[in-house]
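Heads up, the thing below is written out as structure tokens.
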2 protein chains.
Amino acid sequence: MNLNEIKVIAFDADDTLWVNETFFRDAEIAFAKELSAYGDEEDIVRILLDTEIKNLDTYGYGIKGFTLSMLETAHRLMGDKMNSEITEFILEKGKQMLAEPVDLLPHIELVLEQLSKKYKLVVATKGDLLDQERKLIKSGLIDYFHHVEIVSDKKETQYKKLVKHLDIKPNEFLMIGNSLKSDVIPVLAMGGYAFHIPFYTTWSHEQVDEAINHSKFKALSNAKELLEIL
Amino acid sequence: MNLNEIKVIAFDADDTLWVNETFFRDAEIAFAKELSAYGDEEDIVRILLDTEIKNLDTYGYGIKGFTLSMLETAHRLMGDKMNSEITEFILEKGKQMLAEPVDLLPHIELVLEQLSKKYKLVVATKGDLLDQERKLIKSGLIDYFHHVEIVSDKKETQYKKLVKHLDIKPNEFLMIGNSLKSDVIPVLAMGGYAFHIPFYTTWSHEQVDEAINHSKFKALSNAKELLEIL
């Protein structure tokens, strides 16, 4: 590992810079409670997750697609009983999620402040641009970043495009994020560095059961450890 | 006008590279017909437009936000009569729009093929990234572009960030698009070049009544004229 060659550090946003997954998990539970006349709450959460995953190619990631998937799930469960109250509940829930305050993860601001003096920092996220920019502004973190990179998915192809776009070589790129599947494995595959900082809950669709052993990989327990390494 | 200084040309996507607005106008009419028991069709279209504009800060641009605004409008119009059929109709309509074939505007492919030999070309759009990338791939245009720039809005601030991000000066940037409000006026304001190619229908929210007279501006009638100038 030759960390001196790193020029650009990309941070994942949701659940790396700030809390996000928690809002989705809370919304799923509220949704299941609201529909509890139509099934067991655990089953409803599972059906909603199925719908989200089925719609991922069509809607992509983010709160708007999630809201549409809640509506589709309600329609599937309620059939002809679909009504005004549940429509209003879901549309409201989506807007509430879009308006949530930004809850920064530990040490993030200090770490960004320090690293921004030595590296070009970018945000690399697959969420909605409008939503992510809003969070960056609300969080006060926006000035630490050169810009925000929105990617449609976090696979090797998208990271290759990102590195090309940044006009650097793969080994000059470090990705930091909470998802092994999205932030680590595809980056290592294309020749970049990747550090993993776990968030306490990970969406089931993002989980991988794999121990990673790679010369360009590090597993950290929190963001502050970055300052000892970089 | 010293066109030799231009290094990067950014193309707006919807209604500049391909037909888009038409799908929204058609969807609005279909929506109004579906709800015709609840009001005059013209009024329904107007109420839907009001809802879209009210939600623009929350949802941003694109088909998913439009679909959510259709649902909200149906709920507003139908109240307690909101039902399964209309929910299904709207969710289906949104998915259909996301799956529409890409209909390129005249001469676009020839023009991009020629210009890509002399300039770095990018797409600058405020739509959904996933949706825009899908259209670029379907259209076969993706290889002419260095990358896609998604902006949350097309105001002077966003263009300044874009130019900074491209590591060029404002006067090395040319924007080409169908909207005077989004593609021309803010670009001229920050010191860039802007060429206008009108599309036959423009969303009422994007219309400006203004004759532009500026040393870095040109009004073209179609894309092919670019090859005579650049």
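A note on labels: chains of the structure tokens are A, B, ... as shown, every chain counts residues from 1, and ligands are counted from 1 in their shown order.
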Practice item. May I have all residues of chain A that DSSP, computed from the backbone, assigns to alpha helix (DSSP H), given as a ChimeraX atom specification? Key: /A:21-34,41-59,63-78,84-98,108-115,129-139,156-165,185-189,226-229
Exercise for review: Please identify all polymer residues within 9 Å of stretch 54-57 of chain A, counting only C-alpha atoms, omitting same-chain residues fewer than 5 positions from it, and present them as a ChimeraX atom specification.
Suggested key: /A:49,65,69 /B:130
Review point. If we count only C-alpha atoms, what is near stretch 155-160 of chain A at a cut-off of 10 Å, once residues fewer than 3 positions away on the same chain are taken out, given as a list in words?
Key: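 The contact residues come out as Ala124, Ile150, Val151, Ser152, Val163, Lys164, His165, Leu166, Lys169, Pro170, Phe173, Met175, Lys181, Ser182, Asp183, Val184, Ile185, Pro186, Val187, Leu188, Ala189, Met190, Gly191 and Gly192 of chain A.
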With N, CA and C atoms retained, could you export that selection as a PDB file, in the first residue's frame?
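Output file out-v4.pdb follows:
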```
ATOM      1  N   ALA A 124     -19.193  10.852  -3.652  1.00  0.00           N
ATOM      2  CA  ALA A 124     -19.637   9.931  -4.710  1.00  0.00           C
ATOM      3  C   ALA A 124     -20.839   9.162  -4.183  1.00  0.00           C
ATOM      4  N   ILE A 150     -22.569  12.204  -8.844  1.00  0.00           N
ATOM      5  CA  ILE A 150     -23.713  11.307  -8.731  1.00  0.00           C
ATOM      6  C   ILE A 150     -23.486  10.169  -9.722  1.00  0.00           C
ATOM      7  N   VAL A 151     -23.564   8.950  -9.245  1.00  0.00           N
ATOM      8  CA  VAL A 151     -23.416   7.801 -10.143  1.00  0.00           C
ATOM      9  C   VAL A 151     -24.727   7.015 -10.135  1.00  0.00           C
ATOM     10  N   SER A 152     -25.084   6.448 -11.279  1.00  0.00           N
ATOM     11  CA  SER A 152     -26.371   5.739 -11.370  1.00  0.00           C
ATOM     12  C   SER A 152     -26.302   4.418 -10.616  1.00  0.00           C
ATOM     13  N   VAL A 163     -13.222   7.845 -12.478  1.00  0.00           N
ATOM     14  CA  VAL A 163     -11.784   8.095 -12.450  1.00  0.00           C
ATOM     15  C   VAL A 163     -11.338   8.789 -13.739  1.00  0.00           C
ATOM     16  N   LYS A 164     -11.900   8.368 -14.860  1.00  0.00           N
ATOM     17  CA  LYS A 164     -11.621   9.002 -16.159  1.00  0.00           C
ATOM     18  C   LYS A 164     -12.063  10.467 -16.097  1.00  0.00           C
ATOM     19  N   HIS A 165     -13.232  10.663 -15.549  1.00  0.00           N
ATOM     20  CA  HIS A 165     -13.817  11.984 -15.424  1.00  0.00           C
ATOM     21  C   HIS A 165     -12.954  12.898 -14.527  1.00  0.00           C
ATOM     22  N   LEU A 166     -12.366  12.318 -13.493  1.00  0.00           N
ATOM     23  CA  LEU A 166     -11.504  13.089 -12.583  1.00  0.00           C
ATOM     24  C   LEU A 166     -10.108  13.294 -13.171  1.00  0.00           C
ATOM     25  N   LYS A 169      -5.479   8.373 -12.440  1.00  0.00           N
ATOM     26  CA  LYS A 169      -5.380   6.927 -12.632  1.00  0.00           C
ATOM     27  C   LYS A 169      -6.098   6.220 -11.473  1.00  0.00           C
ATOM     28  N   PRO A 170      -6.558   4.984 -11.692  1.00  0.00           N
ATOM     29  CA  PRO A 170      -7.271   4.269 -10.611  1.00  0.00           C
ATOM     30  C   PRO A 170      -6.487   4.234  -9.303  1.00  0.00           C
ATOM     31  N   PHE A 173      -6.851   7.035  -6.671  1.00  0.00           N
ATOM     32  CA  PHE A 173      -8.218   7.217  -6.173  1.00  0.00           C
ATOM     33  C   PHE A 173      -8.454   6.373  -4.919  1.00  0.00           C
ATOM     34  N   MET A 175     -11.630   5.445  -2.251  1.00  0.00           N
ATOM     35  CA  MET A 175     -13.053   5.528  -1.925  1.00  0.00           C
ATOM     36  C   MET A 175     -13.241   5.156  -0.468  1.00  0.00           C
ATOM     37  N   LYS A 181     -20.181  -3.830  -0.681  1.00  0.00           N
ATOM     38  CA  LYS A 181     -20.657  -4.144  -2.022  1.00  0.00           C
ATOM     39  C   LYS A 181     -20.514  -2.952  -2.985  1.00  0.00           C
ATOM     40  N   SER A 182     -20.837  -1.749  -2.489  1.00  0.00           N
ATOM     41  CA  SER A 182     -20.890  -0.585  -3.379  1.00  0.00           C
ATOM     42  C   SER A 182     -19.635   0.275  -3.333  1.00  0.00           C
ATOM     43  N   ASP A 183     -19.027   0.386  -2.155  1.00  0.00           N
ATOM     44  CA  ASP A 183     -17.921   1.336  -1.989  1.00  0.00           C
ATOM     45  C   ASP A 183     -16.557   0.671  -2.018  1.00  0.00           C
ATOM     46  N   VAL A 184     -16.496  -0.627  -1.822  1.00  0.00           N
ATOM     47  CA  VAL A 184     -15.196  -1.284  -1.660  1.00  0.00           C
ATOM     48  C   VAL A 184     -14.894  -2.246  -2.816  1.00  0.00           C
ATOM     49  N   ILE A 185     -15.695  -3.268  -2.991  1.00  0.00           N
ATOM     50  CA  ILE A 185     -15.368  -4.345  -3.942  1.00  0.00           C
ATOM     51  C   ILE A 185     -15.163  -3.828  -5.379  1.00  0.00           C
ATOM     52  N   PRO A 186     -16.083  -3.026  -5.934  1.00  0.00           N
ATOM     53  CA  PRO A 186     -15.860  -2.557  -7.316  1.00  0.00           C
ATOM     54  C   PRO A 186     -14.666  -1.614  -7.456  1.00  0.00           C
ATOM     55  N   VAL A 187     -14.336  -0.877  -6.409  1.00  0.00           N
ATOM     56  CA  VAL A 187     -13.196   0.054  -6.464  1.00  0.00           C
ATOM     57  C   VAL A 187     -11.882  -0.734  -6.478  1.00  0.00           C
ATOM     58  N   LEU A 188     -11.786  -1.734  -5.607  1.00  0.00           N
ATOM     59  CA  LEU A 188     -10.591  -2.597  -5.607  1.00  0.00           C
ATOM     60  C   LEU A 188     -10.455  -3.295  -6.963  1.00  0.00           C
ATOM     61  N   ALA A 189     -11.586  -3.708  -7.534  1.00  0.00           N
ATOM     62  CA  ALA A 189     -11.565  -4.432  -8.813  1.00  0.00           C
ATOM     63  C   ALA A 189     -10.962  -3.593  -9.932  1.00  0.00           C
ATOM     64  N   MET A 190     -11.181  -2.271  -9.894  1.00  0.00           N
ATOM     65  CA  MET A 190     -10.642  -1.441 -10.979  1.00  0.00           C
ATOM     66  C   MET A 190      -9.260  -0.876 -10.632  1.00  0.00           C
ATOM     67  N   GLY A 191      -8.726  -1.261  -9.478  1.00  0.00           N
ATOM     68  CA  GLY A 191      -7.352  -0.843  -9.152  1.00  0.00           C
ATOM     69  C   GLY A 191      -7.233   0.348  -8.220  1.00  0.00           C
ATOM     70  N   GLY A 192      -8.331   0.747  -7.607  1.00  0.00           N
ATOM     71  CA  GLY A 192      -8.285   1.870  -6.672  1.00  0.00           C
ATOM     72  C   GLY A 192      -8.128   1.402  -5.234  1.00  0.00           C
TER      73      GLY A 192
END
```
Practice item. Using only C-alpha atoms, find the residues of chain A whose closest atom to chain B is at most 8 Å away, then write them as number ranges by chain. Key: A: 58-60, 64-65, 68, 71-72, 75, 79-85, 87-88, 91, 95, 98, 128-130, 133, 146-147, 150-152, 161, 165
Study note, to complete from the structure: With distances taken over only C-alpha atoms, the candidate from A:Glu41, A:Glu5, A:Asp14, A:Glu21 nearest A:Tyr200 is A:Glu21
Practice item. Within 9 Å of stretch 119-123 of chain B, counting only C-alpha atoms, which residues show up once you throw out same-chain ones fewer than 4 positions away? Write them as a list in words, please. Key: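 Counting only C-alpha atoms, the residues come to Ile6, Lys7, Val8, Ile9, Ala10, Phe11, Asp12, Ala13, Leu112, Leu115, Tyr144, Phe145, His146, His147, Val148, Glu149 and Ile150 of chain B.
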**Study point:** From A:Tyr193, A:Phe23, A:Phe66, A:Phe199, residue lying nearest A:Pro101 [only C-alpha atoms]
**Key:**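 Checking each candidate against A:Pro101, we get A:Phe23 as the closest.
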**Study point:** Minimum-distance residue to A:Ala194, chosen among A:Arg46, A:Lys216, A:Leu77, A:Ser179 (using only C-alpha atoms)
**Key:**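 Looking at the shortest contact to A:Ala194, the residue is A:Lys216.
You will find atom CA of B:Lys135 at 24.5 Å from atom CA of B:Ile53.
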Exercise for review: Kindly give the distance, in Å, that separates atom CA of B:Asn178 and atom CA of B:His196, rounded to a single decimal.
Suggested key: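 Taking atom CA of B:Asn178 and atom CA of B:His196, their separation equals 5.6 Å.
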